[in-house]
>>> print(open('work.cif').read())   # mmCIF, C-alpha atoms
data_data
#
loop_
_atom_site.group_PDB
_atom_site.id
_atom_site.type_symbol
_atom_site.label_atom_id
_atom_site.label_comp_id
_atom_site.auth_asym_id
_atom_site.auth_seq_id
_atom_site.Cartn_x
_atom_site.Cartn_y
_atom_site.Cartn_z
ATOM 1 C CA MET A 1 0.000 0.000 0.000
ATOM 2 C CA ALA A 2 2.867 2.327 0.708
ATOM 3 C CA ALA A 3 4.023 1.895 -2.875
ATOM 4 C CA ASN A 4 0.569 2.792 -4.154
ATOM 5 C CA SER A 5 0.412 5.975 -2.138
ATOM 6 C CA SER A 6 3.842 7.039 -3.324
ATOM 7 C CA SER A 7 2.939 6.371 -6.938
ATOM 8 C CA THR A 8 -0.309 8.313 -6.482
ATOM 9 C CA GLY A 9 1.692 11.169 -5.019
ATOM 10 C CA SER A 10 3.984 11.199 -8.028
ATOM 11 C CA LYS A 11 0.999 11.184 -10.373
ATOM 12 C CA SER A 12 -0.500 14.210 -8.672
ATOM 13 C CA SER A 13 2.820 16.053 -8.846
ATOM 14 C CA ASN A 14 3.052 15.255 -12.556
ATOM 15 C CA SER A 15 -0.474 16.531 -13.207
ATOM 16 C CA ALA A 16 0.255 19.653 -11.163
ATOM 17 C CA GLY A 17 3.453 20.108 -13.152
ATOM 18 C CA GLY A 18 1.433 19.846 -16.370
ATOM 19 C CA LYS A 19 -0.840 22.659 -15.254
ATOM 20 C CA GLN A 20 2.155 24.869 -14.556
ATOM 21 C CA SER A 21 3.388 24.553 -18.137
ATOM 22 C CA GLY A 22 0.445 26.690 -19.283
ATOM 23 C CA PRO A 23 -2.924 26.230 -20.907
ATOM 24 C CA SER A 24 -3.298 24.166 -24.029
ATOM 25 C CA ALA A 25 -3.803 25.783 -27.414
ATOM 26 C CA GLU A 26 -7.489 24.838 -27.313
ATOM 27 C CA GLN A 27 -7.912 26.528 -23.938
ATOM 28 C CA VAL A 28 -6.183 29.675 -25.177
ATOM 29 C CA VAL A 29 -8.436 29.844 -28.251
ATOM 30 C CA ALA A 30 -11.565 29.183 -26.183
ATOM 31 C CA THR A 31 -10.601 31.865 -23.655
ATOM 32 C CA PHE A 32 -9.826 34.332 -26.426
ATOM 33 C CA GLN A 33 -13.151 33.680 -28.137
ATOM 34 C CA ARG A 34 -15.035 34.053 -24.837
ATOM 35 C CA MET A 35 -13.254 37.327 -24.100
ATOM 36 C CA ARG A 36 -13.928 38.596 -27.612
ATOM 37 C CA GLN A 37 -17.623 37.745 -27.257
ATOM 38 C CA GLU A 38 -17.739 39.569 -23.910
ATOM 39 C CA GLN A 39 -16.097 42.577 -25.560
ATOM 40 C CA ARG A 40 -18.662 42.597 -28.362
ATOM 41 C CA SER A 41 -21.479 42.261 -25.859
ATOM 42 C CA MET A 42 -20.174 45.186 -23.812
ATOM 43 C CA ALA A 43 -19.764 47.333 -26.925
ATOM 44 C CA SER A 44 -23.304 46.521 -27.991
ATOM 45 C CA LYS A 45 -24.688 47.329 -24.530
ATOM 46 C CA ALA A 46 -22.775 50.598 -24.433
ATOM 47 C CA ALA A 47 -24.062 51.619 -27.872
ATOM 48 C CA ASP A 48 -27.657 50.705 -26.984
ATOM 49 C CA LEU A 49 -27.426 52.581 -23.712
ATOM 50 C CA GLU A 50 -26.023 55.683 -25.380
ATOM 51 C CA MET A 51 -28.736 55.590 -28.045
ATOM 52 C CA ASP A 52 -31.470 55.242 -25.392
ATOM 53 C CA ILE A 53 -30.046 58.147 -23.395
ATOM 54 C CA ASN A 54 -29.998 60.349 -26.505
ATOM 55 C CA GLU A 55 -33.603 59.412 -27.322
ATOM 56 C CA HIS A 56 -34.707 60.175 -23.764
ATOM 57 C CA SER A 57 -32.923 63.538 -23.905
ATOM 58 C CA LEU A 58 -34.704 64.465 -27.126
ATOM 59 C CA VAL A 59 -38.107 63.526 -25.736
ATOM 60 C CA ILE A 60 -37.483 65.309 -22.423
ATOM 61 C CA ASP A 61 -36.353 68.492 -24.200
ATOM 62 C CA THR A 62 -39.448 68.384 -26.393
ATOM 63 C CA LEU A 63 -41.880 67.720 -23.548
ATOM 64 C CA LYS A 64 -40.487 70.515 -21.375
ATOM 65 C CA ASN A 65 -41.939 73.030 -23.838
ATOM 66 C CA VAL A 66 -45.393 71.404 -23.844
ATOM 67 C CA ASP A 67 -48.411 72.093 -21.630
ATOM 68 C CA PRO A 68 -48.285 69.578 -18.718
ATOM 69 C CA SER A 69 -51.978 68.686 -19.093
ATOM 70 C CA ARG A 70 -51.538 67.776 -22.762
ATOM 71 C CA LYS A 71 -52.064 64.171 -23.845
ATOM 72 C CA CYS A 72 -49.077 62.108 -24.893
ATOM 73 C CA PHE A 73 -48.468 58.454 -25.631
ATOM 74 C CA ARG A 74 -45.757 56.236 -24.258
ATOM 75 C CA LEU A 75 -44.670 52.751 -25.230
ATOM 76 C CA VAL A 76 -44.542 50.604 -22.085
ATOM 77 C CA GLY A 77 -43.641 46.950 -22.487
ATOM 78 C CA GLY A 78 -44.803 46.919 -26.110
ATOM 79 C CA VAL A 79 -48.137 48.579 -25.266
ATOM 80 C CA LEU A 80 -48.923 52.158 -26.246
ATOM 81 C CA VAL A 81 -50.499 53.914 -23.261
ATOM 82 C CA GLU A 82 -52.108 57.324 -23.050
ATOM 83 C CA ARG A 83 -50.843 59.639 -20.326
ATOM 84 C CA THR A 84 -50.383 63.338 -19.711
ATOM 85 C CA VAL A 85 -47.076 65.133 -20.096
ATOM 86 C CA LYS A 86 -46.886 65.779 -16.335
ATOM 87 C CA GLU A 87 -47.098 61.999 -15.705
ATOM 88 C CA VAL A 88 -44.602 60.992 -18.384
ATOM 89 C CA LEU A 89 -41.899 63.639 -17.936
ATOM 90 C CA PRO A 90 -40.774 62.629 -14.400
ATOM 91 C CA ALA A 91 -40.682 58.945 -15.411
ATOM 92 C CA LEU A 92 -38.536 59.748 -18.447
ATOM 93 C CA GLU A 93 -36.143 61.828 -16.372
ATOM 94 C CA THR A 94 -35.824 59.011 -13.818
ATOM 95 C CA ASN A 95 -35.181 56.465 -16.582
ATOM 96 C CA LYS A 96 -32.542 58.713 -18.119
ATOM 97 C CA GLU A 97 -30.760 59.112 -14.766
ATOM 98 C CA GLN A 98 -30.784 55.340 -14.239
ATOM 99 C CA MET A 99 -29.353 54.754 -17.710
ATOM 100 C CA GLN A 100 -26.646 57.353 -17.147
ATOM 101 C CA SER A 101 -25.639 55.717 -13.853
ATOM 102 C CA LYS A 102 -25.555 52.324 -15.612
ATOM 103 C CA GLY A 103 -23.362 53.882 -18.313
ATOM 104 C CA ARG A 104 -20.970 55.235 -15.688
ATOM 105 C CA GLU A 105 -20.874 51.798 -14.060
ATOM 106 C CA LEU A 106 -20.038 50.207 -17.414
ATOM 107 C CA THR A 107 -17.296 52.778 -18.052
ATOM 108 C CA GLU A 108 -15.798 52.218 -14.590
ATOM 109 C CA TYR A 109 -15.792 48.456 -15.210
ATOM 110 C CA ARG A 110 -14.034 48.938 -18.548
ATOM 111 C CA GLU A 111 -11.426 51.199 -16.950
ATOM 112 C CA ARG A 112 -10.890 48.907 -13.959
ATOM 113 C CA TYR A 113 -10.128 45.920 -16.174
ATOM 114 C CA ASN A 114 -8.476 47.977 -18.940
ATOM 115 C CA ILE A 115 -10.936 46.850 -21.608
ATOM 116 C CA ARG A 116 -10.502 48.563 -24.971
ATOM 117 C CA LEU A 117 -13.087 48.233 -27.700
ATOM 118 C CA VAL A 118 -12.180 47.640 -31.335
ATOM 119 C CA GLY A 119 -11.547 50.952 -33.106
ATOM 120 C CA GLU A 120 -11.366 52.858 -29.829
ATOM 121 C CA GLY A 121 -8.781 55.617 -29.668
ATOM 122 C CA GLU A 122 -7.969 57.066 -33.069
ATOM 123 C CA GLY A 123 -11.393 56.110 -34.511
ATOM 124 C CA GLU A 124 -13.093 57.708 -31.516
ATOM 125 C CA ALA A 125 -12.082 61.226 -32.585
ATOM 126 C CA GLN A 126 -13.319 60.576 -36.108
ATOM 127 C CA GLY A 127 -16.619 59.234 -34.755
ATOM 128 C CA GLN A 128 -17.147 62.324 -32.633
ATOM 129 C CA SER A 129 -16.537 64.671 -35.541
ATOM 130 C CA ALA A 130 -18.919 62.669 -37.736
ATOM 131 C CA ALA A 131 -21.574 62.675 -35.010
ATOM 132 C CA SER A 132 -21.320 66.428 -34.499
ATOM 133 C CA SER A 133 -21.651 67.094 -38.219
ATOM 134 C CA THR A 134 -24.709 64.831 -38.387
ATOM 135 C CA ASP A 135 -26.310 66.620 -35.443
ATOM 136 C CA SER A 136 -25.709 70.021 -36.961
ATOM 137 C CA GLU A 137 -27.157 69.002 -40.321
ATOM 138 C CA GLY A 138 -30.447 67.469 -39.222
ATOM 139 C CA GLY A 139 -30.799 68.634 -35.644
ATOM 140 C CA GLY A 140 -34.062 70.497 -36.200
ATOM 141 C CA SER A 141 -35.906 67.575 -37.721
ATOM 142 C CA LYS A 142 -34.815 65.128 -34.999
ATOM 143 C CA SER A 143 -36.067 67.170 -32.039
ATOM 144 C CA GLY A 144 -39.571 65.680 -32.264
ATOM 145 C CA ALA A 145 -38.528 62.145 -33.185
ATOM 146 C CA GLY A 146 -40.068 59.481 -30.978
ATOM 147 C CA VAL A 147 -42.577 61.863 -29.433
ATOM 148 C CA LEU A 148 -46.284 61.541 -30.052
ATOM 149 C CA VAL A 149 -48.081 64.512 -28.565
ATOM 150 C CA SER A 150 -51.657 65.447 -29.419
#
>>> encode(input="work.cif", output="structure tokens")
Amino acid sequence: MAANSSSTGSKSSNSAGGKQSGPSAEQVVATFQRMRQEQRSMASKAADLEMDINEHSLVIDTLKNVDPSRKCFRLVGGVLVERTVKEVLPALETNKEQMQSKGRELTEYRERYNIRLVGEGEGEAQGQSAASSTDSEGGGSKSGAGVLVS
């Protein structure tokens, strides 16, 4: 029995030694693909969040100039509901604040783990200049987009 325990001990040291040599090529590829998928998911979430925040800002800016007792319609869970501006405006502002805090949380997470998205950096400056030129061209027509006020 003593021989068996010593041979078992040597087997465990060999398997531990194998782990120290590094992950296999398959493990490296699998980890890389998982990390790349996580990166894509985070980029998609960030883009969706930014788009939602911009839409909320447009609607809030539009509704601030409207009579609070005026009828408006809001899409809630796929159902269009009729409300007044004074009921909808605070809810939109709360939603926008929650989305902004979620965006800050996402940014902090990216910074903490040093996550860089594809095209981030030099493409970011180009994207900002393109976005500002788009806003200046069609800004007037977009101010009422997504708002249904009667």
>>> axis_aligned_box(input="work.cif", around="segment 29-40 of chain A", padding_each_side="3 Å", output="JSON")
{"center_x": -13.5, "center_y": 35.9, "center_z": -26.0, "size_x": 16.2, "size_y": 19.4, "size_z": 10.7}
>>> atom_distance(input="work.cif", atom1="atom CA of Arg110 of chain A", atom2="atom CA of Ala43 of chain A")
10.3 Å
>>> resolve_selection(input="work.cif", expression="the PyMOL selection byres ((chain A and resi 75-89) around 12)", output="MDAnalysis selection string")
chainID A and resid 56:74 90:96 146:150
>>> atom_distance(input="work.cif", atom1="atom CA of Gly103 of chain A", atom2="atom CA of Ala46 of chain A")
7.0 Å
>>> closest_residue(input="work.cif", among="A:Arg34, A:Asn54, A:Met42, A:Val29", to="Tyr109 of chain A", atoms="only C-alpha atoms")
A:Met42
>>> atom_distance(input="work.cif", atom1="atom CA of Ser44 of chain A", atom2="atom CA of Arg112 of chain A")
18.9 Å
>>> closest_residue(input="work.cif", among="A:Gly22, A:Ile53, A:Arg40, A:Gln27", to="Gln98 of chain A", atoms="all atoms listed in the file")
A:Ile53
